[in-house]
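S.K.: Here it is, the structure, as structure tokens.
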Amino acid sequence: MRPGSDLVFVGDVHLDRNDADLPRFLAYLRGLSPRAGRIVLLGDLFNLWIGSPELEQEHHRVVIACLKELRSGGTEIHYLEGNRDYRIARAHRGGAFDAVSDTGLREDWGGLSLWAAHGDRVNRDDLQYRAWRWVSRSTPAWWLFSAIPRERRFAIAELVERKMRGTNVDMKREFPEALVRAYAASHVEAASAAIVLGHFHVEKDLTAGPTGEGRVFVLPEWKGSRRHLRVTSAGTMRFEDA
């Protein structure tokens, strides 16, 4: 990492076509870069992102170009695939991103041991979503999807995504704090450990572990909050405004 630089976590952004927030987000990323040695995007950067060049649209390409620009300037960029992301690692690891994972990443910074994940796997009670996630990301499903004519693929994916927004309302109504604490406790390994999650669109700073020796940070949705989590080279962790 660059001496004295910070680690910054950014929550769900959910950019879409013709999004009025796109220029603001690009300016925000470029504003972070001088002080950030590493930026970790916690998934769902777009409302729908299929890691296939023929299916990526202008708003995808503009952000990807910006991320490559930041990497060329010396800022590491990591990505945690979210529930609206499909095969991002295969398409963009080594280009827009230094590291990509659909499960989680170990992020060590300022003497802290951190575990970061999108958060969509935290709620083990959400069986409907877990089944959909397994099927939609399977190799047979991808082969079948790839066999559909290109001009129809994105429209089909958008239709499915819109329908999924209206399902499992009970699972989305309340923040599952007990499940988040249980997930975090399973990843706390040391007194300096912290867990960082996105997905739930609320800002939380909780203790974790059987004796409260760790912490779990849940990031709010970027559009609605304009906030991120900063970890300094001295090991201080705090939420702050963009």
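Residues in the structure tokens are named by chain (A, B, ... in the order shown) and by number from 1 within that chain; ligands are numbered from 1 in the order shown.
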Report as JSON lines: every residue of region 191-233 of chain A with an atom at most 12 Å from region 76-81 of chain A, its closest pair of atoms, and their distance in Å to one decimal, counting only C-alpha atoms, with rows sorted by chain and ascending residue number.
M.R.:
```
{"residue": "A:Val196", "atom": "CA", "partner": "A:Leu80", "partner_atom": "CA", "distance": 11.0}
{"residue": "A:Leu197", "atom": "CA", "partner": "A:Leu80", "partner_atom": "CA", "distance": 9.7}
{"residue": "A:Gly198", "atom": "CA", "partner": "A:Leu80", "partner_atom": "CA", "distance": 9.4}
{"residue": "A:His199", "atom": "CA", "partner": "A:Glu81", "partner_atom": "CA", "distance": 10.5}
```
S.K.: If we count only C-alpha atoms, what is near Gly31 (chain A) at a cut-off of 12 Å, once residues fewer than 6 positions away on the same chain are taken out, given as JSON, numbers by chain?
M.R.: {"A": [8, 24, 25, 39, 66, 70, 75, 242]}
S.K.: Could you save those same residues with C-alpha atoms as a PDB file, in the first residue's frame?
M.R.:
```
ATOM      1  CA  VAL A   8     -12.097   2.729   1.699  1.00  0.00           C
ATOM      2  CA  ARG A  24     -21.405  12.308  -9.301  1.00  0.00           C
ATOM      3  CA  PHE A  25     -20.197   8.776  -8.665  1.00  0.00           C
ATOM      4  CA  ILE A  39     -10.950   0.905  -2.667  1.00  0.00           C
ATOM      5  CA  CYS A  66     -12.778   5.087 -14.536  1.00  0.00           C
ATOM      6  CA  LEU A  70      -7.647   4.691 -10.856  1.00  0.00           C
ATOM      7  CA  THR A  75      -5.006   2.704  -6.328  1.00  0.00           C
ATOM      8  CA  ALA A 242     -18.423  11.519   0.562  1.00  0.00           C
TER       9      ALA A 242
END
```
S.K.: Can you list every residue of region 45-141 of chain A that has an atom at most 9 Å from region 15-23 of chain A, with its nearest atom pair and the distance in Å to one decimal, using only C-alpha atoms, ordered by chain then number, as JSON lines?
M.R.:
```
{"residue": "A:Leu45", "atom": "CA", "partner": "A:Leu15", "partner_atom": "CA", "distance": 6.3}
{"residue": "A:Phe46", "atom": "CA", "partner": "A:Leu15", "partner_atom": "CA", "distance": 4.3}
{"residue": "A:Asn47", "atom": "CA", "partner": "A:Leu15", "partner_atom": "CA", "distance": 5.8}
{"residue": "A:Leu48", "atom": "CA", "partner": "A:Asp16", "partner_atom": "CA", "distance": 7.8}
{"residue": "A:Gln57", "atom": "CA", "partner": "A:Arg17", "partner_atom": "CA", "distance": 7.9}
{"residue": "A:Glu58", "atom": "CA", "partner": "A:Arg17", "partner_atom": "CA", "distance": 7.7}
{"residue": "A:His59", "atom": "CA", "partner": "A:Arg17", "partner_atom": "CA", "distance": 6.0}
{"residue": "A:His60", "atom": "CA", "partner": "A:Leu15", "partner_atom": "CA", "distance": 8.6}
{"residue": "A:Val62", "atom": "CA", "partner": "A:Leu22", "partner_atom": "CA", "distance": 8.9}
{"residue": "A:Val63", "atom": "CA", "partner": "A:Leu22", "partner_atom": "CA", "distance": 8.3}
```
S.K.: So which residues of region 40-106 of chain A fall under strand (DSSP E) by DSSP, listed as a ChimeraX atom specification?
M.R.: /A:40-41,49-50,76-80,85-86,99-101,105-106
S.K.: For Phe200 (chain A), work out the shell of residues within 12 Å, counting only C-alpha atoms and skipping chain neighbours fewer than 5 positions away, then give it as a list in words.
M.R.: Gly11, Asp12, Leu42, Gly43, Asp44, Gly82, Asn83, Ala117, His118, Gly119, Asp120, Arg121, Val122, Asn123, Met171, Lys172, Arg173, Glu174, Phe175, Pro176, Glu177, Val180, Phe217, Val218, Leu219, Pro220, Glu221 and Trp222 of chain A
S.K.: Nearest to Ser146 (chain A) among A:Gly4, A:Gly74, A:Pro34, A:Gly51, with distances taken over only C-alpha atoms: which residue is it?
M.R.: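 Among the listed residues, the smallest separation from Ser146 (chain A) belongs to A:Gly51.
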S.K.: Which residue, A:Pro53, A:His201, A:Arg87, A:Gly235, has the smallest gap to Thr139 (chain A) when you use only C-alpha atoms?
M.R.: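 Nearest candidate to Thr139 (chain A) out of A:Pro53, A:His201, A:Arg87, A:Gly235: A:Arg87.
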S.K.: May I ask for the distance between CA of Asp108 (chain A) and CA of Asp85 (chain A), given in Å to one decimal place?
M.R.: 24.6 Å
S.K.: Here is a test: counting only C-alpha atoms, which residue of A:Trp142, A:Ile64, A:Glu213, A:Tyr28 is nearest to Asp241 (chain A)?
M.R.: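 Closest residue, counting only C-alpha atoms: A:Tyr28.
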S.K.: State, in Å with one decimal place, the distance from CA of Val100 (chain A) to CA of Ala131 (chain A).
M.R.: 22.4 Å
S.K.: Suppose you want the space between CA of Ile50 (chain A) and CA of Ala36 (chain A); what is it in Å?
M.R.: 27.3 Å
S.K.: Quick one: of A:Arg90, A:Val13, A:Lys68, A:Gly37, who's nearest to Ser52 (chain A), counting only C-alpha atoms?
M.R.: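 The answer is A:Arg90, which sits nearest to Ser52 (chain A).
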S.K.: Going by DSSP on the backbone, which bits of region 51-220 of chain A are alpha helix (DSSP H)? Write them as a PyMOL selection string, please.
M.R.: chain A and resi 58-72+88-92+127-136+139-146+150-165+169-173+177-185
S.K.: Between A:Arg137, A:Ala96, A:Ala193, A:Arg238, which one has atoms that come closest to Arg61 (chain A), using only C-alpha atoms?
M.R.: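 Under the stated criterion, the closest residue is A:Ala96.
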S.K.: Neighbouring residues of Ser186 (chain A) were defined as those with any atom within 8 Å, considering only C-alpha atoms; residues of the same chain fewer than 3 positions away were excluded. Please report them as a list in words.
M.R.: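 The neighbour list is Ala182, Tyr183 and Gly209 of chain A.
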